[in-house]
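Below is one structure; the comments refer to it alone.
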Amino acid sequence: MRKKSGLCLLSLLVALALPAILSAGAQASVAPAPYTEQCAGCHGRTLQGAFGPALSGDAFRKKWAGKVASLRAYIAKSMPPGQAGVLNGAQYDQVTRYIADVNKLGSLAADDAAPPPQAPAEAEAAVSEGNVAGGQFGEADFDDDGFKAEMERRRKLLASLSEVTDAELLAPAPSDWLQWRRTYDAQGFSPLAGINRKNVISLGMRWSLALPQGTNQIAPLVHEGVIFANSAGTVMAIEADTGTVLWQYSRPAKVKPLGPPVTNPRSMALYGHSLFVPTVDNHMLALDFRTGELLWDHHVEGPGEMLRMTAGPVVVHGKVIQGISGCAGSYVPGGCFIVALDSRTGKELWRFNTIAPPGSPDDSWNSAPLDERVGGSVWTTGSYDQSTGLVYLGTGQTYRIKPLMEKSAAGQRDEALYTNTTLALEPDSGKLVWHYQHMARELWDLDWSFERTLATIPVDGKPRRVVMTMGKIGVLDVLDARTGDYLFSRDLGLQDLVTDIDPKTGRKTIRAGAEPIANEAVPICPFPSGIRNFPATSYDERSGTLYIPGTESCMNYMWRPQEADWDIAYQMLPRPDSDGKFGRVDAMDVRGKANGWNVRRRAGLSSAVVATQGGLLFEGALDRYFRALDSSSGKELWSARLPDVPNAFPVSYAVGGKQCIVITTGGGGPTDATYSAFTPENKRTASATIMFAFCER
């Protein structure tokens, strides 16, 4: 049975207790291979907690003492989110016994162990054995005229697809969705108005399609009536009108977990006749999008064992520009990087390192050696602006803050460049033209690694090309796209880490008392899943409104200097003034001085948002609802409750003159794994990775 990556027990939020220094008994227990290989990325090598909660401590023991069989059943049935059952029975037993031994919960009797889950491949083999079309009766041939006619129809549809040119990427047809956020500017806006405020109430499902089960956050691409999607390493071309699978190419990948499990990057890219598919084990694949044939496969090599391609590439001037993530702790010394590959051959053309090395002009790590400088992950696809000729990418924080906690000597800097930074690069050479750091010396895992949205807005009465981005703390920074000069910020008012922003430089002042204290809890808002996270915003340039999917939260935060790798941990909490409503959608007037409308509801937001020319905003939440709001007021105009959480990137396209909205359900994203604990009444019964197309009638 193929073993997928990432047994991440994040749904075990039974205690959400702060990771504590383990007892002598815990230190004596030796973690089995299934735990160290597949759980430690979330919960630490000794159950101390990392991105996920600790699996030890008084609260955890109180919950599960004497209930080891129940704990084992819970793990096997529910873990990891979106991938339950990926280990065999013996491996689940090993993981359970290790957790039970460390916490002195009791024993797992042999007859308590559940039978190993049947792998999908095994189940299919059992059904097909003795089938009339095979087995002892030999192979039957059902390639009749109807089959041949349908195959020819599909072949012609695919063969008719035109190449995607530079001009089309700059100005795509309204009916297409050619890039991660549709256009180079990452606005995530659809110019279609077939579905509008008046007729959205009649929006109906055109088709649905079950995808290979895996972690989600899928961002499909659409070109001339064909959808391209990647689920768990299986790439498919799907007829946009009917949901018919035209071809599929499968290349599952196995990696060690880093936080929540990931089975496929969030997006892909189109250029020429190629579909560029990153994999989580750091290969870039080029497929012929007319046939699914592999054209080339390039392995992007780097230091350490935790490197990831979790975002998709952006293609500029025939160069496939891809950011690398996963640079945490000693796993990846020296930090992450960005590469450009030749779209025709896969050859690497240039590489930019996202951590400033010792001796460089931007050296700012308290004189720490290079192998102690970690982070700078590029979690999100880049943007490109033709008017400036620059490509923009954002970086994350460091997961190991010890070098930044030491007192700086005279002349030393501690900003930790290029973490939490917008990087403006020349796409042809990789040369850094300018950079702007949104949070210097960011210690709390509240990074600024998301989309860089480009727009033209009035500043001081004159139109100005800007690049804007919002970090996890719910603060939007707006910069000059050509120079990187700071212009202004907007704050949603849901964080308490930053108390002041310099109006000239954008420099953030950190609240007194928020500085990390060794092995002591520090209260901070929000939790590291952020007010906003990977679910992307949408920008309507007509009104100057940025739409933001979010969740309200706080945390207790702890620095653990005794940990060699990931030396920060946290406990998720509701806001002190919480009224039980955690999810929200905000409409921010970027061109004005005040925030616009907001809608608050109990369940946290789970999907990206998409605004449309028809005056609608589409969004999904952890309560399984996919909704259409009036983009001018936030009023709910339509909803559909789906079989699982819509935690992907909705896209809009047109086929046969009718507008459609596609959304995929599933699980496995960081917001699913954490914020679902706030609303336990929305407990998921099973994972269902399904693509839905809702179309204009």
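Here's how to read the names in the structure tokens: chain A, B, ... by the order shown, residue numbers from 1 in each chain, ligand numbers from 1 in the order shown.
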**Report entry** Residues of stretch 136-316 of chain A in alpha helix (DSSP H), written as a PyMOL selection string
**Finding:** chain A and resi 145-159+166-170
Store the residues picked out above in a file with C-alpha atoms, as a CSV table (one decimal), in the first residue's frame.
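Once everything was written out, this is out.csv:
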```csv
chain,number,residue,atom,x,y,z
A,145,ASP,CA,-18.6,2.4,-32.2
A,146,GLY,CA,-20.1,4.5,-29.3
A,147,PHE,CA,-16.9,4.3,-27.4
A,148,LYS,CA,-14.8,5.2,-30.4
A,149,ALA,CA,-17.0,8.1,-31.3
A,150,GLU,CA,-16.8,9.5,-27.7
A,151,MET,CA,-13.0,9.1,-27.6
A,152,GLU,CA,-12.7,11.0,-31.0
A,153,ARG,CA,-14.9,13.8,-29.6
A,154,ARG,CA,-12.7,14.2,-26.6
A,155,ARG,CA,-9.5,14.1,-28.7
A,156,LYS,CA,-10.8,16.8,-31.0
A,157,LEU,CA,-11.8,19.0,-28.0
A,158,LEU,CA,-8.3,18.7,-26.6
A,159,ALA,CA,-6.5,19.1,-30.0
A,166,ASP,CA,2.3,36.0,-23.2
A,167,ALA,CA,-0.4,38.3,-24.6
A,168,GLU,CA,-3.1,36.0,-23.3
A,169,LEU,CA,-1.6,35.8,-19.9
A,170,LEU,CA,-1.6,39.6,-19.8
```
Contact residues around A:Ile401 with only C-alpha atoms at 8 Å, ignoring same-chain residues under 5 positions, as a compact mmCIF listing (two decimals) with C-alpha atoms, in the first residue's frame:
```txt
# COMPACT_ATOMS: atom_id res chain seq x y z
CA LEU A 443 9.14 36.15 16.25
CA ASP A 567 11.62 26.67 19.27
CA ILE A 568 8.21 28.37 19.40
```
**Report entry** Residue neighbourhood A:Arg181, 10 Å, only C-alpha atoms, exclusion window fewer than 4 positions, as a PyMOL selection string
**Finding:** chain A and resi 177+185-190+219-221+267+381+383+451+453+536-538+608+610+649-651
For the residues selected in the previous step, produce a file with C-alpha atoms as a short mmCIF file (atom, residue, chain, number, x, y, z; two decimals), in the first residue's frame.
```
data_model
loop_
_atom_site.label_atom_id
_atom_site.label_comp_id
_atom_site.auth_asym_id
_atom_site.auth_seq_id
_atom_site.Cartn_x
_atom_site.Cartn_y
_atom_site.Cartn_z
CA TRP A 177 -9.06 31.38 -15.69
CA ASP A 185 -2.01 41.06 -10.82
CA ALA A 186 -3.46 38.43 -8.42
CA GLN A 187 -6.74 40.33 -8.09
CA GLY A 188 -8.82 37.14 -8.13
CA PHE A 189 -11.68 38.96 -9.88
CA SER A 190 -13.98 37.58 -12.59
CA ALA A 219 -6.92 26.06 -7.51
CA PRO A 220 -8.12 24.85 -10.94
CA LEU A 221 -7.16 26.51 -14.21
CA SER A 267 -1.81 25.55 -8.09
CA THR A 381 2.50 32.12 -6.17
CA SER A 383 2.63 38.26 -9.28
CA GLU A 451 -0.54 37.14 -2.47
CA THR A 453 -2.01 42.20 -5.38
CA ALA A 536 -6.74 34.41 -0.92
CA THR A 537 -8.38 37.81 -1.05
CA SER A 538 -10.17 39.29 -4.07
CA ALA A 608 -10.54 31.90 -0.93
CA VAL A 610 -13.87 35.57 -5.70
CA PHE A 649 -9.93 28.33 -4.44
CA PRO A 650 -13.19 29.02 -6.30
CA VAL A 651 -12.80 30.02 -9.94
#
```
Requested in this report: Pick out the residues sitting within 10 Å of A:Phe488, and hand them over as a VMD selection string; count only C-alpha atoms, and ignore anything fewer than 6 positions along from it in its own chain.
Outcome: chain A and resid 459 468 476 to 480 501 to 506 590
Expected file: the selected residues, C-alpha atoms, as a CSV table (one decimal), in the first residue's frame:
```
chain,number,residue,atom,x,y,z
A,459,VAL,CA,-2.6,58.4,-3.8
A,468,MET,CA,-0.4,45.5,-1.6
A,476,LEU,CA,-2.7,45.6,4.8
A,477,ASP,CA,0.5,47.3,3.6
A,478,VAL,CA,0.4,49.3,0.3
A,479,LEU,CA,3.7,50.0,-1.5
A,480,ASP,CA,4.7,51.7,-4.7
A,501,ILE,CA,2.7,52.0,12.4
A,502,ASP,CA,5.1,54.8,11.3
A,503,PRO,CA,3.2,56.8,8.6
A,504,LYS,CA,6.4,57.4,6.6
A,505,THR,CA,8.2,54.1,6.8
A,506,GLY,CA,5.5,51.6,7.8
A,590,VAL,CA,-8.4,50.5,-0.1
```
Name the residues in contact with A:Pro646 at a cut-off of 7 Å, using only C-alpha atoms, excluding same-chain residues fewer than 3 positions from it; report them as a compact mmCIF listing (two decimals) with N, CA and C atoms, in the first residue's frame.
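To be explicit, this is the file written out as out00.txt:
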```txt
# COMPACT_ATOMS: atom_id res chain seq x y z
N SER A 606 -13.08 29.16 5.14
CA SER A 606 -12.20 28.07 4.72
C SER A 606 -11.70 28.20 3.29
N SER A 607 -12.40 28.95 2.45
CA SER A 607 -12.01 29.07 1.05
C SER A 607 -11.49 30.46 0.75
N GLY A 620 -16.54 30.23 0.97
CA GLY A 620 -16.93 29.01 1.65
C GLY A 620 -16.43 28.99 3.08
N ALA A 621 -17.11 28.24 3.95
CA ALA A 621 -16.78 28.24 5.37
C ALA A 621 -16.74 26.82 5.93
N ARG A 624 -19.52 24.00 5.97
CA ARG A 624 -19.80 23.31 4.70
C ARG A 624 -20.65 24.14 3.74
N PHE A 626 -21.26 26.93 0.91
CA PHE A 626 -20.66 27.76 -0.14
C PHE A 626 -21.69 28.84 -0.44
N ILE A 663 -15.94 24.97 -7.26
CA ILE A 663 -15.34 24.89 -5.93
C ILE A 663 -15.09 23.43 -5.62
N THR A 664 -14.03 23.15 -4.85
CA THR A 664 -13.71 21.78 -4.47
C THR A 664 -13.78 21.64 -2.96
N THR A 665 -14.37 20.54 -2.50
CA THR A 665 -14.40 20.22 -1.08
C THR A 665 -13.27 19.25 -0.75
N GLY A 666 -13.01 19.07 0.54
CA GLY A 666 -11.98 18.13 0.92
C GLY A 666 -11.51 18.36 2.33
```
**Report entry** Shell around A:Ser367 at 10 Å using only C-alpha atoms, local window under 6 positions removed, as a PyMOL selection string
**Finding:** chain A and resi 357-359+373+403-404+408-409+411-414
Restrict the selected residues to C-alpha atoms and save them as a JSON list (two decimals), in the first residue's frame.
```json
[["chain", "number", "residue", "atom", "x", "y", "z"],
["A", 357, "PRO", "CA", 23.90, 35.58, 4.08],
["A", 358, "PRO", "CA", 26.70, 36.76, 6.39],
["A", 359, "GLY", "CA", 28.69, 39.61, 4.88],
["A", 373, "ARG", "CA", 19.49, 31.32, 9.70],
["A", 403, "PRO", "CA", 19.50, 33.94, 16.99],
["A", 404, "LEU", "CA", 17.15, 36.93, 17.19],
["A", 408, "SER", "CA", 22.71, 42.62, 19.49],
["A", 409, "ALA", "CA", 26.27, 43.91, 19.68],
["A", 411, "GLY", "CA", 26.76, 47.58, 14.69],
["A", 412, "GLN", "CA", 24.78, 44.35, 14.39],
["A", 413, "ARG", "CA", 21.31, 44.18, 12.84],
["A", 414, "ASP", "CA", 18.48, 41.84, 13.79]]
```
Query raised in the report: Counting only C-alpha atoms, what is within 7 Å of A:Cys336, bar same-chain residues fewer than 4 positions away, as a list in words?
Result: Ile324, Ser325, Cys327, Asn353, Thr354, Ile355, Gly375, Gly376 and Ser377 of chain A
Could you save the residues just selected, with N, CA and C atoms, as an mmCIF file, in the first residue's frame?
```cif
data_model
loop_
_atom_site.group_PDB
_atom_site.id
_atom_site.type_symbol
_atom_site.label_atom_id
_atom_site.label_comp_id
_atom_site.auth_asym_id
_atom_site.auth_seq_id
_atom_site.Cartn_x
_atom_site.Cartn_y
_atom_site.Cartn_z
ATOM 1 N N ILE A 324 10.131 28.250 -3.112
ATOM 2 C CA ILE A 324 10.318 27.058 -2.301
ATOM 3 C C ILE A 324 9.971 27.391 -0.858
ATOM 4 N N SER A 325 9.311 26.452 -0.181
ATOM 5 C CA SER A 325 8.911 26.648 1.214
ATOM 6 C C SER A 325 9.431 25.491 2.064
ATOM 7 N N CYS A 327 11.289 25.796 4.950
ATOM 8 C CA CYS A 327 12.634 26.003 5.517
ATOM 9 C C CYS A 327 12.531 26.274 7.007
ATOM 10 N N ASN A 353 18.227 33.458 -3.203
ATOM 11 C CA ASN A 353 18.091 32.970 -1.832
ATOM 12 C C ASN A 353 17.333 33.983 -0.981
ATOM 13 N N THR A 354 16.370 33.481 -0.206
ATOM 14 C CA THR A 354 15.500 34.379 0.558
ATOM 15 C C THR A 354 15.999 34.667 1.964
ATOM 16 N N ILE A 355 17.207 34.214 2.297
ATOM 17 C CA ILE A 355 17.854 34.591 3.552
ATOM 18 C C ILE A 355 19.155 35.317 3.208
ATOM 19 N N GLY A 375 14.186 29.803 7.524
ATOM 20 C CA GLY A 375 12.903 30.425 7.206
ATOM 21 C C GLY A 375 12.914 31.077 5.835
ATOM 22 N N GLY A 376 12.098 32.122 5.702
ATOM 23 C CA GLY A 376 11.982 32.797 4.412
ATOM 24 C C GLY A 376 11.267 31.956 3.379
ATOM 25 N N SER A 377 10.329 31.107 3.815
ATOM 26 C CA SER A 377 9.588 30.263 2.876
ATOM 27 C C SER A 377 8.729 31.102 1.939
#
```
